[in-house]
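Visitor: This is the structure, below, for whatever I ask next.
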Amino acid sequence: MKLLVVEDEPSLLNSITRYFRQEQFICEGVSNYTDALDRIDDTPFDCIILDINLPGGSGLQLLKYLREDKKKDGVIIISARNSLDDKIMGLDYGADDYLTKPFHLPELSARVKALLRRKYSDGNAILDLNILRIDLASRTATTNGQSIGLSKIEYDLLVFLVTNKNRVVSRQAIAEHLFDGPPEQAPGPEFVYSHIKNLKRKLKEKGCPEIIQTVYGLGYKLVV
Amino acid sequence: MSQPLQQKNTRILLTWLPLIMLAGSVFFYNLLKGHILHTQQQQLQLKQDNIWRAFIAAPNNFPTHIAGEYDILPASADTSNLSDHPRDTTILYPDRGNVGFNILSRYRTVNGVGYLVTTYISSKEIRHLIIKVGVAEAIIFLLLLIALVILNRQTSRRLWTPFFTTMNTIRGYDIRQNKPLSLEATTGIEEFDRLNQTLLALIDHVDKAYRNQKQFTENASHELQTPLAIIRSKVELLMEGSGLNEDSAGLLQEITEANERLSQMNKNLLLLTRIENGQYPEVESVALSGLVEHLSSFFREYYENETEAITTIVSIQPGVTITANPALIEILVNNLLRNAYIHNIPHGWVEVRLSNNALIILNSGPILDIDPQRLFDRFRKGRVDNRTTGLGLSLVLQIAQFYHYDVRYTYEEGKHQLTVSLSSGE
């Protein structure tokens with residue numbers, strides 16, 4: 001999969017590209033409007049991660065250009081401007097998703113993967129880890145051929161961990177992901193703790209091995 | 001000591017007017033008395049002249065004495081020192097008793113014979129007149145005083161109306177509400193016009209300063225987001241690193257926690273600013289019972305599993321709903337609960353009560369080491385400060401105020417109680 005990250009803050013750009021390269025994505029980074037325009041014209045990308053405030057122009061302009069040119073690249077806007085207007089305008093211009101800074105890298109990764117799944121799976125997506133099978137269309141998880149009865153939050157948690165499998169996901173990242181609303185209202189680690197506990201218990205009941213590990217005090221990791 | 005304007009005004013009138021009127025009365029009395037004495041003297045003199053003229057015309061058959069009118073007595077040379085002024089005397093009447101008279105005596109001669117002529121005028125009527133005039137004057141002064149006070153009160157009430165209108169308008173003004181202040185430009189009284197202009201200018205000035213301050217907070221929060229995002233991403237990259245051991249994981253965790261706290265503080269500041277700006281206008285019916293149940297169950301589960309477990313007691317009346325912004329209410333409940341668990345003691349307890357009227361959170365905990373009055377101030381924190389942003393209760397207060405809920409803190413024998421009255425205070 002080919003990604004383009006357009007972000008003017010070099011340090012953040014570096015973090016994002018590095019994170020995705022660790023997962024075998026082909027990931028390019030550019031830090032201004034003209035470079036971004038050049039790259040978009042040159043090559044189709046599976047997904048573009050786009051900052052709104054760019055030197056030389058706005059990310060929204062870039063998005064508009066992209067859509068007017070009938071390009072199908074998936075676009076996720078990342079913006080420090082946490083206003084509803086920006087979000088609505090971004091989605092209006094044809095962005096597929098919108099993420100507010102500061103975000104967690106596992107969250108960005110999950111959004112990118114969700115976008116790619118929507119784009120390429122024709123609504124028939126299955127996350128298959130051999131031991132665990134998640135049907136994204138029907139929102140069900142099975143292990144050893146048995147269905148696991150999960151609450152909505154537990155299901156979302158499992159999908160988030162599976163999407164970020166073999167990576168450490170901090171409790172804060174999980175809390176913000178699971179919380180149904182703006183991130184500044186996300187509850188604390190108490191929230192994550194009880195859901196992880198329930199999820200682990202339900203997996204164990206159905207005979208699934210302990211795939212969710214606690215990584216020191218940092219967070220959790222689903223290991224396959 | 002300050003008094004209402006009208007009371008003060010009346011008091012001044014009532015203090016000084018009687019004094020002025022009393023002085024006026026004394027002056028008037030003396031003036032009146034002087035004039036009357038002069039008139040009597042004139043009358044007595046005229047009477048003397050008339051009687052004398054009649055007497056010398058027919059000295060032999062003119063009566064020399066009429067009681068209360070005159071006396072003509074033969075007299076030797078004018079040795080007595082006769083006064084030019086009338087004197088007082090009394091005549092005893094058998095039927096009327098002693099009657100006061102004013103008399104004037106003159107030594108006169110006719111054909112070499114000397115006489116002492118004395119004329120009489122009754123002083124009783126004059127004295128009565130003076131008393132009657134005095135009483136009438138007193139009544140008039142009293143009426144005048146009452147009329148003046150009433151008139152004064154009425155006028156000042158009317159004159160000060162624009163002032164009170166202005167005062168009521170200002171009292172209802174809240175800088176946080178973003179509503180412009182409207183004061184009458186022309187009140188009909190120049191001083192009050194000027195007052196209104198001055199007030200409008202002042203408020204405009206303060207408003208601008210307030211807005212700048214808020215803008216600054218908002219901008220600062222936005223600017224902080226990028227470096228926070230960078231730190232967060234770097235820490236997340238480090239978590240993936242192969243060189244992670246317990247020691248470095250501990251360090252990373254501490255960095256994460258500090259950074260998340262910073263990030264949370266920043267978000268809370270932004271949130272406070274937004275609530276102040278009224279950027280959460282959408283309201284809907286919020287099932288509060290369900291929400292409180294839901295959130296307290298998270299906290300219960302988490303804190304029951306801690307080594308120094310905190311017990312949770314929940315009594316929730318089902319079906320309590322309020323009309324508000326669901327996101328704000330969730331923050332309110334969440335922050336109240338978190339506050340109760342964090343500022344607790346090992347093996348302590350938290351009690352959550354919800355009824356139609358109030359949400360009450362009680363918890364065990366050490367006595368506050370800050371002034372309870374300042375509990376809701378921003379960045380006002382007690383001894384536990386490593387897990388908090390110092391903004392949690394400020395947000396609670398801000399949200400409660402936004403919906404006109406009353407928030408009260410009470411402490412009694414190791415029990416902290418925070419009560420949010422759900423009936424809006426309006």
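Scheme for the structure tokens: letters A, B, ... for chains in order shown; per-chain residue numbers from 1; ligand numbers from 1 in order shown.
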Can you list every residue of chain A that has an atom at most 7 Å from chain B, with its nearest atom pair and the distance in Å to one decimal, using only C-alpha atoms, ordered by chain then number, as CSV?

Guide:
```
residue,atom,partner,partner_atom,distance
A:Ser11,CA,B:Ile230,CA,6.5
A:Leu12,CA,B:Ile230,CA,5.2
A:Ser15,CA,B:Ser233,CA,6.0
A:Tyr19,CA,B:Leu237,CA,6.7
A:Ala80,CA,B:His222,CA,6.5
A:Lys101,CA,B:Ala229,CA,6.3
A:Pro102,CA,B:Ala229,CA,4.2
A:Phe103,CA,B:Ala229,CA,6.4
A:His104,CA,B:Ser233,CA,6.7
A:Leu105,CA,B:Ser233,CA,6.2
A:Arg167,CA,B:Glu240,CA,6.3
A:Val168,CA,B:Glu240,CA,6.2
A:Glu184,CA,B:Lys267,CA,5.5
A:Gln185,CA,B:Ile331,CA,6.2
A:Glu190,CA,B:Tyr302,CA,5.3
A:Phe191,CA,B:Phe298,CA,5.6
A:Tyr193,CA,B:Tyr302,CA,6.7
A:Ser194,CA,B:Tyr302,CA,6.2
A:Tyr216,CA,B:Ala249,CA,6.4
A:Gly217,CA,B:Gln253,CA,6.4
A:Leu218,CA,B:Gln253,CA,5.5
```

Visitor: For Gln24 in chain A, list every protein, DNA or RNA residue within 12 Å, evaluated using only C-alpha atoms, and leave out those in the same chain fewer than 5 positions away; present the list as a PyMOL selection string.

Guide: chain A and resi 1-3+17-19

Visitor: Residues as selected, N, CA and C atoms, written as a PDB file, in the first residue's frame, can you do that?

Guide:
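This is the output file out_19.pdb:
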```pdb
ATOM      1  N   MET A   1       0.829  -1.196   0.000  1.00  0.00           N
ATOM      2  CA  MET A   1       0.000   0.000   0.000  1.00  0.00           C
ATOM      3  C   MET A   1       0.872   1.259   0.000  1.00  0.00           C
ATOM      4  N   LYS A   2       0.477   2.246  -0.745  1.00  0.00           N
ATOM      5  CA  LYS A   2       1.277   3.475  -0.841  1.00  0.00           C
ATOM      6  C   LYS A   2       0.592   4.629  -0.102  1.00  0.00           C
ATOM      7  N   LEU A   3       1.358   5.238   0.776  1.00  0.00           N
ATOM      8  CA  LEU A   3       0.826   6.355   1.548  1.00  0.00           C
ATOM      9  C   LEU A   3       1.609   7.623   1.235  1.00  0.00           C
ATOM     10  N   THR A  17       5.732   8.869   9.126  1.00  0.00           N
ATOM     11  CA  THR A  17       6.269   8.010   8.063  1.00  0.00           C
ATOM     12  C   THR A  17       6.983   6.807   8.669  1.00  0.00           C
ATOM     13  N   ARG A  18       7.721   7.046   9.719  1.00  0.00           N
ATOM     14  CA  ARG A  18       8.454   5.957  10.358  1.00  0.00           C
ATOM     15  C   ARG A  18       7.501   4.889  10.909  1.00  0.00           C
ATOM     16  N   TYR A  19       6.433   5.355  11.511  1.00  0.00           N
ATOM     17  CA  TYR A  19       5.456   4.427  12.101  1.00  0.00           C
ATOM     18  C   TYR A  19       4.851   3.519  11.025  1.00  0.00           C
TER      19      TYR A  19
END
```

Visitor: Write down as a PyMOL selection string the residues belonging to range 367-413 of chain B that are assigned strand (DSSP E) by DSSP computed on the backbone.

Guide: chain B and resi 406-412

Visitor: Choose the residue, out of A:Tyr98, A:Phe45, A:Phe179, A:Tyr93, that has the smallest atom-to-atom separation from Leu63 in chain A; count only C-alpha atoms.

Guide: A:Tyr93

Visitor: As a PyMOL selection string, list the residues of range 65-271 of chain B assigned to helix (DSSP H, G or I) by DSSP on the backbone atoms of this structure.

Guide: chain B and resi 124-159+161-171+175-177+190-240+246-271

Visitor: Taking into account only C-alpha atoms, which residue in the set B:Thr389, B:Val333, B:Gly278, B:Val286 is nearest to Arg261 in chain B?

Guide: B:Thr389

Visitor: Excluding Ile153 in chain A and any residue of its chain fewer than 2 positions from it, enumerate the residues within 9 Å of it, using only C-alpha atoms, and give them as a list in words.

Guide: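 Near neighbours after the sequence-gap exclusion: Leu150, Ser151, Tyr155, Asp156, Leu157, Leu158, Leu178, Phe179 and His195 of chain A.
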
Visitor: For the selection just defined, write its residues with N, CA and C atoms to a file, as a compact mmCIF listing (two decimals), in the first residue's frame.

Guide:
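selection-v7.txt, written as the output of this step:
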```txt
# COMPACT_ATOMS: atom_id res chain seq x y z
N LEU A 150 -19.79 -10.07 22.40
CA LEU A 150 -19.09 -8.86 22.84
C LEU A 150 -20.03 -7.66 22.83
N SER A 151 -19.81 -6.79 23.81
CA SER A 151 -20.56 -5.53 23.77
C SER A 151 -19.97 -4.66 22.66
N TYR A 155 -16.19 -4.96 21.31
CA TYR A 155 -15.92 -5.29 19.91
C TYR A 155 -14.98 -4.24 19.29
N ASP A 156 -15.31 -2.95 19.54
CA ASP A 156 -14.46 -1.87 19.01
C ASP A 156 -13.04 -1.98 19.54
N LEU A 157 -12.92 -2.33 20.80
CA LEU A 157 -11.62 -2.48 21.44
C LEU A 157 -10.83 -3.60 20.77
N LEU A 158 -11.52 -4.72 20.53
CA LEU A 158 -10.85 -5.87 19.91
C LEU A 158 -10.38 -5.50 18.50
N LEU A 178 -12.00 4.49 21.89
CA LEU A 178 -13.29 3.89 22.26
C LEU A 178 -14.34 4.92 22.57
N PHE A 179 -13.89 6.05 23.04
CA PHE A 179 -14.86 7.04 23.48
C PHE A 179 -15.60 7.63 22.29
N HIS A 195 -12.71 -2.59 30.48
CA HIS A 195 -13.07 -3.22 29.21
C HIS A 195 -12.06 -4.27 28.79
```

Visitor: Write out as a count of residues only the residues lying within 9 Å of Thr34 in chain A, counting only C-alpha atoms and excluding same-chain residues fewer than 5 positions away.

Guide: 4

Visitor: Need the shell around range 85-100 of chain B: protein/DNA/RNA residues with any atom at most 12 Å away, counting only C-alpha atoms. Skip same-chain ones fewer than 3 positions apart. Format as number ranges by chain?

Guide: B: 36-45, 66-69, 81-82, 103-106, 118-128

Visitor: Nearest to Asp135 in chain A: which of A:Ile174, A:Gly149, A:Val159, A:Ser31 is it, counting only C-alpha atoms?

Guide: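 So, comparing all the options, the nearest one is A:Val159.
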
Visitor: What gap, in Å, lies between CA of Ile52 in chain A and CA of Leu91 in chain A?

Guide: 12.4 Å

Visitor: So that I can see what lies close to Asn144 in chain A, please list as a PDB file with C-alpha atoms, in the first residue's frame the residues with an atom at most 12 Å from it, counting only C-alpha atoms and leaving out residues fewer than 6 positions away in the same chain.

Guide:
```pdb
ATOM      1  CA  LEU A 129      -5.772 -14.081  12.768  1.00  0.00           C
ATOM      2  CA  ASN A 130      -6.288 -17.855  12.516  1.00  0.00           C
ATOM      3  CA  ILE A 131      -7.105 -18.090  16.189  1.00  0.00           C
ATOM      4  CA  LEU A 132      -9.495 -15.172  15.945  1.00  0.00           C
ATOM      5  CA  ARG A 133     -11.799 -14.153  13.144  1.00  0.00           C
ATOM      6  CA  LEU A 203     -11.820 -14.583  25.068  1.00  0.00           C
ATOM      7  CA  LYS A 204     -10.570 -16.980  27.705  1.00  0.00           C
ATOM      8  CA  GLU A 205     -14.040 -18.420  28.259  1.00  0.00           C
ATOM      9  CA  LYS A 206     -14.186 -19.417  24.587  1.00  0.00           C
ATOM     10  CA  GLY A 207     -10.782 -21.041  24.810  1.00  0.00           C
ATOM     11  CA  CYS A 208      -8.813 -18.364  23.004  1.00  0.00           C
ATOM     12  CA  PRO A 209      -5.187 -18.217  24.193  1.00  0.00           C
TER      13      PRO A 209
END
```

Visitor: If you measure from CA of Pro318 in chain B to CA of Tyr341 in chain B, what distance in Å do you get, rounded to one decimal?

Guide: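 Those two atoms sit 23.4 Å apart.
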
Visitor: Env of Val224 in chain A: 8 Å cut, atoms = only C-alpha atoms, seq-sep filter 6 positions within chain, self excluded. Answer as a list of chain:residue names.

Guide: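 Final neighbour list, sorted by chain and number: A:Leu129, A:Lys165, A:Asn166, A:Ile211.
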
Visitor: Suppose we keep N, CA and C atoms; can you now write the selection as a short mmCIF file (atom, residue, chain, number, x, y, z; two decimals), in the first residue's frame?

Guide:
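Heads up, here's the output in part-v9.cif:
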```cif
data_model
loop_
_atom_site.label_atom_id
_atom_site.label_comp_id
_atom_site.auth_asym_id
_atom_site.auth_seq_id
_atom_site.Cartn_x
_atom_site.Cartn_y
_atom_site.Cartn_z
N LEU A 129 -7.04 -13.85 12.07
CA LEU A 129 -5.77 -14.08 12.77
C LEU A 129 -5.61 -15.57 13.07
N LYS A 165 -2.17 -4.87 15.61
CA LYS A 165 -1.58 -6.09 16.20
C LYS A 165 -0.05 -6.03 16.20
N ASN A 166 0.48 -6.65 17.23
CA ASN A 166 1.93 -6.69 17.45
C ASN A 166 2.53 -5.30 17.70
N ILE A 211 -3.90 -13.66 24.03
CA ILE A 211 -3.21 -12.91 22.98
C ILE A 211 -3.02 -11.45 23.36
#
```
